[in-house]
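Visitor: Here you go, structure.txt (compact mmCIF, C-alpha atoms and all ligand atoms):
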# COMPACT_ATOMS: atom_id res chain seq x y z
CA MET A 7 12.84 3.56 -1.16
CA ARG A 8 10.07 3.82 1.43
CA ASN A 9 9.54 7.24 2.94
CA PRO A 10 7.78 7.42 6.32
CA LEU A 11 4.01 7.84 6.07
CA PHE A 12 1.68 9.00 8.84
CA VAL A 13 -2.05 8.73 8.25
CA ALA A 14 -4.71 10.26 10.50
CA ASN A 15 -7.93 8.26 10.76
CA TRP A 16 -10.47 10.60 12.30
CA LYS A 17 -13.20 7.92 12.27
CA MET A 18 -16.67 9.34 13.11
CA ASN A 19 -15.43 12.50 14.80
CA PHE A 20 -15.50 16.28 14.27
CA LEU A 21 -17.92 18.89 13.00
CA LYS A 22 -16.88 21.73 10.67
CA LYS A 23 -15.81 23.97 13.53
CA ASP A 24 -13.63 21.23 15.04
CA ALA A 25 -11.99 20.57 11.68
CA LYS A 26 -11.23 24.28 11.28
CA GLU A 27 -9.69 24.44 14.75
CA PHE A 28 -7.67 21.29 14.08
CA CYS A 29 -6.35 22.48 10.71
CA ASP A 30 -5.38 25.95 11.96
CA ALA A 31 -3.52 24.49 14.94
CA PHE A 32 -2.00 21.66 12.90
CA LEU A 33 -0.58 24.01 10.24
CA ASN A 34 0.89 26.07 13.03
CA GLU A 35 2.45 22.98 14.64
CA LEU A 36 3.89 21.86 11.32
CA SER A 37 5.43 25.23 10.70
CA ILE A 38 6.98 25.39 14.21
CA ARG A 39 8.39 21.90 13.65
CA ASN A 40 9.61 22.67 10.15
CA LEU A 41 7.40 20.02 8.62
CA VAL A 42 5.82 22.28 6.03
CA ASP A 43 6.85 20.07 3.12
CA PHE A 44 3.80 17.99 4.23
CA GLU A 45 5.66 14.96 2.90
CA GLY A 46 4.04 11.73 4.04
CA ILE A 47 1.21 13.33 6.00
CA TRP A 48 -2.27 12.12 5.10
CA ILE A 49 -5.62 12.79 6.78
CA ALA A 50 -8.85 10.78 6.47
CA PRO A 51 -11.72 12.86 7.86
CA PRO A 52 -15.35 11.69 7.75
CA PHE A 53 -17.02 12.08 4.32
CA THR A 54 -18.81 15.25 5.45
CA LEU A 55 -15.53 17.08 6.04
CA LEU A 56 -13.59 16.09 2.92
CA CYS A 57 -14.19 19.38 1.09
CA GLU A 58 -13.66 21.47 4.19
CA VAL A 59 -10.37 19.85 5.22
CA SER A 60 -9.09 19.71 1.68
CA SER A 61 -9.52 23.45 1.25
CA LEU A 62 -8.25 24.28 4.75
CA LEU A 63 -5.01 22.37 4.19
CA SER A 64 -4.27 23.29 0.60
CA LYS A 65 -3.73 26.98 1.18
CA LYS A 66 0.02 26.71 1.54
CA ASP A 67 2.50 26.92 -1.32
CA SER A 68 3.89 23.43 -0.87
CA ALA A 69 2.29 20.11 -1.81
CA PRO A 70 -0.95 19.68 0.11
CA VAL A 71 -1.51 17.31 2.99
CA LEU A 72 -3.25 14.44 1.18
CA ILE A 73 -6.91 14.02 2.05
CA GLY A 74 -8.67 10.68 1.87
CA ALA A 75 -11.79 8.75 2.83
CA GLN A 76 -12.38 5.96 5.33
CA ASN A 77 -14.27 3.69 2.93
CA SER A 78 -15.50 3.52 -0.67
CA HIS A 79 -17.87 1.37 -2.69
CA TRP A 80 -16.66 -0.76 -5.59
CA LEU A 81 -19.12 0.58 -8.17
CA ASP A 82 -19.01 3.98 -9.86
CA ASN A 83 -22.68 4.81 -9.29
CA GLY A 84 -26.12 3.23 -9.09
CA ALA A 85 -28.89 2.25 -6.70
CA HIS A 86 -26.81 1.88 -3.53
CA THR A 87 -28.35 4.12 -0.90
CA GLY A 88 -25.78 5.47 1.53
CA GLU A 89 -22.73 4.42 -0.46
CA ILE A 90 -19.99 6.56 -2.05
CA SER A 91 -17.77 5.61 -5.00
CA PRO A 92 -14.09 6.33 -5.66
CA LYS A 93 -15.02 8.67 -8.51
CA MET A 94 -17.27 10.69 -6.20
CA LEU A 95 -14.48 10.89 -3.62
CA MET A 96 -11.93 12.06 -6.15
CA ASP A 97 -14.43 14.66 -7.32
CA VAL A 98 -14.26 16.35 -3.89
CA GLY A 99 -10.49 16.20 -3.54
CA ALA A 100 -9.87 12.83 -1.90
CA SER A 101 -6.81 11.02 -3.20
CA PHE A 102 -6.73 7.94 -1.01
CA VAL A 103 -9.07 5.58 0.80
CA ILE A 104 -8.76 3.31 3.84
CA ILE A 105 -10.10 -0.16 3.07
CA GLY A 106 -11.08 -3.07 5.28
CA HIS A 107 -10.55 -1.35 8.63
CA SER A 108 -11.26 -3.76 11.50
CA GLU A 109 -14.18 -1.62 12.68
CA ARG A 110 -15.79 -2.15 9.27
CA ARG A 111 -15.00 -5.85 9.46
CA GLN A 112 -16.34 -6.18 13.04
CA PHE A 113 -19.45 -3.99 12.89
CA TYR A 114 -20.39 -3.56 9.22
CA ALA A 115 -19.96 -7.01 7.72
CA GLU A 116 -16.81 -6.20 5.74
CA THR A 117 -15.13 -9.37 4.50
CA ASP A 118 -11.93 -10.10 2.61
CA GLU A 119 -14.09 -10.45 -0.47
CA THR A 120 -15.67 -7.00 -0.16
CA ALA A 121 -12.32 -5.48 0.82
CA HIS A 122 -10.86 -6.98 -2.36
CA LYS A 123 -13.62 -5.45 -4.48
CA ARG A 124 -13.16 -2.03 -2.86
CA LEU A 125 -9.39 -2.17 -3.24
CA LYS A 126 -9.53 -3.16 -6.87
CA SER A 127 -12.05 -0.47 -7.70
CA ALA A 128 -10.25 2.33 -5.81
CA LEU A 129 -6.87 1.52 -7.38
CA SER A 130 -8.39 1.17 -10.83
CA ALA A 131 -10.03 4.58 -10.43
CA GLY A 132 -6.59 6.07 -9.72
CA MET A 133 -6.85 6.47 -5.96
CA LYS A 134 -4.22 5.36 -3.48
CA ALA A 135 -5.54 2.75 -1.06
CA ILE A 136 -4.56 1.52 2.39
CA LEU A 137 -5.61 -2.07 3.04
CA CYS A 138 -6.03 -2.87 6.75
CA ILE A 139 -5.47 -6.32 8.22
CA GLY A 140 -5.03 -7.59 11.76
CA GLU A 141 -6.01 -10.32 14.18
CA SER A 142 -8.46 -10.20 17.10
CA GLU A 143 -7.41 -10.61 20.73
CA ALA A 144 -8.68 -14.21 20.81
CA GLN A 145 -6.75 -15.05 17.64
CA PHE A 146 -3.63 -13.41 19.07
CA LYS A 147 -3.93 -15.37 22.32
CA ALA A 148 -4.47 -18.61 20.40
CA GLY A 149 -1.23 -18.02 18.49
CA ASP A 150 -3.07 -17.65 15.19
CA THR A 151 -1.77 -14.21 14.19
CA LYS A 152 0.32 -15.34 11.23
CA LYS A 153 -2.39 -17.56 9.79
CA VAL A 154 -5.12 -14.91 10.17
CA VAL A 155 -3.09 -12.00 8.85
CA LEU A 156 -1.77 -13.87 5.81
CA ASN A 157 -5.25 -15.15 4.97
CA GLN A 158 -6.63 -11.62 5.10
CA LEU A 159 -3.72 -10.34 3.05
CA ARG A 160 -3.95 -12.93 0.26
CA ASN A 161 -7.73 -12.91 0.07
CA SER A 162 -8.07 -9.13 0.17
CA LEU A 163 -5.40 -8.66 -2.48
CA GLY A 164 -6.74 -11.52 -4.55
CA CYS A 165 -3.25 -13.04 -4.69
CA ASP A 166 -4.31 -16.66 -4.92
CA SER A 167 -6.96 -16.04 -7.52
CA GLY A 168 -4.31 -14.51 -9.77
CA GLY A 169 -6.44 -11.39 -9.99
CA TYR A 170 -3.74 -9.12 -8.67
CA SER A 171 -1.68 -8.15 -11.64
CA SER A 172 -4.25 -6.26 -13.67
CA TYR A 173 -5.13 -3.71 -11.00
CA ILE A 174 -2.14 -3.61 -8.67
CA ALA A 175 0.73 -3.71 -11.14
CA ASN A 176 1.03 0.06 -11.42
CA ALA A 177 -0.04 0.97 -7.90
CA ARG A 178 2.10 1.20 -4.81
CA LEU A 179 0.86 -1.31 -2.27
CA ILE A 180 0.03 0.28 1.10
CA LEU A 181 -0.98 -1.95 3.99
CA ALA A 182 -1.76 -1.30 7.64
CA TYR A 183 -1.18 -4.02 10.18
CA GLU A 184 -3.58 -3.19 13.00
CA PRO A 185 -3.99 -5.81 15.72
CA VAL A 186 -7.60 -5.38 16.86
CA TRP A 187 -6.57 -5.74 20.51
CA ALA A 188 -4.34 -2.68 20.18
CA ILE A 189 -6.87 -0.32 18.56
CA GLY A 190 -8.10 2.34 20.96
CA THR A 191 -7.00 0.31 24.00
CA GLY A 192 -3.86 2.23 24.94
CA LEU A 193 -2.02 -1.08 24.59
CA ALA A 194 0.12 -0.84 21.46
CA ALA A 195 1.86 -3.94 20.13
CA THR A 196 5.48 -4.08 21.27
CA PRO A 197 8.01 -3.24 18.55
CA GLU A 198 9.07 -6.94 18.56
CA ILE A 199 5.53 -8.18 17.95
CA ALA A 200 4.79 -5.56 15.29
CA GLU A 201 8.11 -5.99 13.46
CA ASN A 202 7.69 -9.75 13.43
CA VAL A 203 4.26 -9.51 11.77
CA HIS A 204 5.45 -6.81 9.35
CA SER A 205 8.34 -8.97 8.23
CA ILE A 206 6.03 -11.98 7.80
CA ILE A 207 3.78 -9.81 5.63
CA ARG A 208 6.69 -8.56 3.52
CA ASP A 209 8.06 -12.08 3.05
CA ASP A 210 4.66 -13.30 1.94
CA LEU A 211 4.29 -10.41 -0.52
CA SER A 212 7.63 -11.39 -1.91
CA SER A 213 6.60 -14.99 -2.53
CA CYS A 214 3.14 -13.98 -3.82
CA LEU A 215 3.91 -10.91 -5.87
CA GLY A 216 7.67 -10.76 -6.24
CA ASP A 217 10.46 -9.00 -4.39
CA GLY A 218 10.01 -5.68 -6.20
CA VAL A 219 6.42 -5.30 -4.99
CA ALA A 220 7.35 -6.52 -1.50
CA GLN A 221 10.26 -4.13 -1.02
CA SER A 222 8.36 -1.10 -2.27
CA ALA A 223 5.19 -1.90 -0.29
CA ILE A 224 4.55 0.54 2.55
CA ILE A 225 3.48 -1.30 5.70
CA LEU A 226 2.01 0.93 8.40
CA TYR A 227 1.43 -0.10 11.99
CA GLY A 228 -1.81 0.95 13.69
CA GLY A 229 -3.11 0.58 17.24
CA SER A 230 -2.60 3.00 20.14
CA THR A 231 0.33 4.83 18.58
CA LYS A 232 1.34 7.91 20.56
CA PRO A 233 4.18 10.45 20.41
CA ASP A 234 6.05 8.47 23.07
CA ASN A 235 5.84 4.99 21.52
CA ILE A 236 6.19 5.82 17.82
CA GLY A 237 9.99 6.11 17.97
CA GLU A 238 10.63 2.51 19.00
CA LEU A 239 8.12 1.25 16.44
CA MET A 240 9.58 3.32 13.60
CA ALA A 241 13.08 2.14 14.49
CA CYS A 242 12.05 -1.32 13.19
CA SER A 243 13.15 -1.92 9.63
CA ASN A 244 9.81 -3.19 8.30
CA ILE A 245 7.61 -0.52 9.92
CA ASP A 246 7.22 2.33 7.46
CA GLY A 247 4.74 4.56 9.24
CA ALA A 248 1.51 4.58 11.21
CA LEU A 249 -2.25 4.68 10.84
CA VAL A 250 -3.24 6.83 13.79
CA GLY A 251 -6.69 7.07 15.41
CA GLY A 252 -7.00 8.76 18.81
CA ALA A 253 -3.70 10.65 18.69
CA SER A 254 -4.59 12.12 15.29
CA LEU A 255 -7.49 14.10 16.75
CA LYS A 256 -5.13 16.39 18.66
CA PRO A 257 -3.03 18.62 16.39
CA ASP A 258 -0.12 18.88 18.81
CA GLN A 259 -0.04 15.13 19.46
CA PHE A 260 -0.27 14.20 15.79
CA ALA A 261 2.47 16.68 14.87
CA GLU A 262 4.68 15.41 17.71
CA LEU A 263 4.06 11.81 16.66
CA ILE A 264 5.13 12.65 13.09
CA THR A 265 8.24 14.46 14.34
CA ASN A 266 9.28 11.61 16.64
CA GLY A 267 8.51 9.00 14.02
CA ARG A 268 10.59 10.74 11.38
CA VAL A 269 13.53 11.17 13.72
CA ALA A 270 13.52 7.45 14.54
CA LYS A 271 13.78 6.49 10.83
P1 LIG B 301 -5.97 4.14 17.57
O1 LIG B 301 -6.73 3.71 16.22
O2 LIG B 301 -4.71 4.86 17.16
O3 LIG B 301 -6.94 5.04 18.28
O4 LIG B 301 -5.68 2.90 18.33
C1 LIG B 301 -6.02 3.24 15.10
C2 LIG B 301 -6.96 2.87 14.00
O5 LIG B 301 -8.08 2.38 14.28
O6 LIG B 301 -6.65 3.04 12.82
Using structure tokens, write down the structure from this file.

Guide:
Amino acid sequence: MRNPLFVANWKMNFLKKDAKEFCDAFLNELSIRNLVDFEGIWIAPPFTLLCEVSSLLSKKDSAPVLIGAQNSHWLDNGAHTGEISPKMLMDVGASFVIIGHSERRQFYAETDETAHKRLKSALSAGMKAILCIGESEAQFKAGDTKKVVLNQLRNSLGCDSGGYSSYIANARLILAYEPVWAIGTGLAATPEIAENVHSIIRDDLSSCLGDGVAQSAIILYGGSTKPDNIGELMACSNIDGALVGGASLKPDQFAELITNGRVAK
């Protein structure tokens, strides 16, 4: 059973006052839309706003909107200036972390190897983790999507090295397929393209890790999702939700996207 999941990635945006405005308006939107169970709604603010957003959104009686981080280091502590560990994140109320986002891969030297270390450490610490994979525009145009995405998947999970079972066995696998050419461009992948890649990913998980892991894995789509294109994407059987950038910065848009996405499932 895979329930729809919508994750806001705020990236490097918002000060405290913006977060307060967002949360007030978002709670209002959720209540108007009868979404106050908060089921499957996660938000990843910048590190500086984790405490703020966590307390702003946990005032209601129901389960809280889950709060998470956009990156984490693989060690618990030590001489690593500027880095933050899963334990430190959990200490301030974060329950999940986004790992291997393409912006980290493109601009901050993230590799499959470092993504693997981060994933292993976050899951072992008891956090949920979203592993991001996706091909560049040049790779897409060259017809290399399948090769690139499956390489990233296997290497980041550590499938081929046999290192998977010890840290992933008890965790729910959450992946985000985010074609780099679709991120922030306004040009989302068509449902056909996205569904095709999602089903390739699920098939590969099945052969690598078994059908149980593959069928329970949540595979999000990310890249220019909006309230008006989420429905056709969510109607695809292998698309379980979305990792949302731009549209998650506007409370009304994010709430509408969640509503439309849920209806389509
Ligand atoms: P976008 O970003 O929705 O603004 O395209 C998605 C992401 O980077 O996760």

Visitor: What is the distance, in Å and to one decimal place, between CA of Val269 in chain A and CA of Met240 in chain A?

Guide: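 Computing the Euclidean distance for CA of Val269 in chain A and CA of Met240 in chain A yields 8.8 Å.
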
Visitor: What is the distance between CA of Ala200 in chain A and CA of Gly218 in chain A, in Å to one decimal?

Guide: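 Separation between CA of Ala200 in chain A and CA of Gly218 in chain A: 22.1 Å.
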
Visitor: Could you name the residues that touch range 113-120 of chain A at 12 Å or less, counting all atoms listed in the file, but leaving out those on the same chain fewer than 2 positions away, as a PDB file with C-alpha atoms, in the coordinates of the input?

Guide:
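Output below, filename result_19.pdb:
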ATOM      1  CA  ASN A  77     -14.270   3.690   2.930  1.00  0.00           C
ATOM      2  CA  SER A  78     -15.500   3.520  -0.670  1.00  0.00           C
ATOM      3  CA  HIS A  79     -17.870   1.370  -2.690  1.00  0.00           C
ATOM      4  CA  TRP A  80     -16.660  -0.760  -5.590  1.00  0.00           C
ATOM      5  CA  LEU A  81     -19.120   0.580  -8.170  1.00  0.00           C
ATOM      6  CA  ILE A 105     -10.100  -0.160   3.070  1.00  0.00           C
ATOM      7  CA  GLY A 106     -11.080  -3.070   5.280  1.00  0.00           C
ATOM      8  CA  HIS A 107     -10.550  -1.350   8.630  1.00  0.00           C
ATOM      9  CA  SER A 108     -11.260  -3.760  11.500  1.00  0.00           C
ATOM     10  CA  GLU A 109     -14.180  -1.620  12.680  1.00  0.00           C
ATOM     11  CA  ARG A 110     -15.790  -2.150   9.270  1.00  0.00           C
ATOM     12  CA  ARG A 111     -15.000  -5.850   9.460  1.00  0.00           C
ATOM     13  CA  HIS A 122     -10.860  -6.980  -2.360  1.00  0.00           C
ATOM     14  CA  LYS A 123     -13.620  -5.450  -4.480  1.00  0.00           C
ATOM     15  CA  ARG A 124     -13.160  -2.030  -2.860  1.00  0.00           C
ATOM     16  CA  LEU A 125      -9.390  -2.170  -3.240  1.00  0.00           C
ATOM     17  CA  LYS A 126      -9.530  -3.160  -6.870  1.00  0.00           C
ATOM     18  CA  SER A 127     -12.050  -0.470  -7.700  1.00  0.00           C
ATOM     19  CA  LEU A 137      -5.610  -2.070   3.040  1.00  0.00           C
ATOM     20  CA  CYS A 138      -6.030  -2.870   6.750  1.00  0.00           C
ATOM     21  CA  ILE A 139      -5.470  -6.320   8.220  1.00  0.00           C
ATOM     22  CA  GLY A 140      -5.030  -7.590  11.760  1.00  0.00           C
ATOM     23  CA  VAL A 154      -5.120 -14.910  10.170  1.00  0.00           C
ATOM     24  CA  VAL A 155      -3.090 -12.000   8.850  1.00  0.00           C
ATOM     25  CA  LEU A 156      -1.770 -13.870   5.810  1.00  0.00           C
ATOM     26  CA  ASN A 157      -5.250 -15.150   4.970  1.00  0.00           C
ATOM     27  CA  GLN A 158      -6.630 -11.620   5.100  1.00  0.00           C
ATOM     28  CA  LEU A 159      -3.720 -10.340   3.050  1.00  0.00           C
ATOM     29  CA  ARG A 160      -3.950 -12.930   0.260  1.00  0.00           C
ATOM     30  CA  ASN A 161      -7.730 -12.910   0.070  1.00  0.00           C
ATOM     31  CA  SER A 162      -8.070  -9.130   0.170  1.00  0.00           C
ATOM     32  CA  LEU A 163      -5.400  -8.660  -2.480  1.00  0.00           C
ATOM     33  CA  GLY A 164      -6.740 -11.520  -4.550  1.00  0.00           C
ATOM     34  CA  CYS A 165      -3.250 -13.040  -4.690  1.00  0.00           C
ATOM     35  CA  SER A 167      -6.960 -16.040  -7.520  1.00  0.00           C
TER      36      SER A 167
END

Visitor: Mind listing the residues within 7 Å of ligand LIG 301 (chain B), only C-alpha atoms and all ligand atoms counted, as a ChimeraX atom specification?

Guide: /A:15,184,188-192,228-231,249-253

Visitor: Nearest to Arg208 in chain A: which of A:Ala177, A:Leu239, A:Leu33, A:Ile245 is it, counting only C-alpha atoms?

Guide: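 Result for the nearest residue to Arg208 in chain A: A:Ile245.
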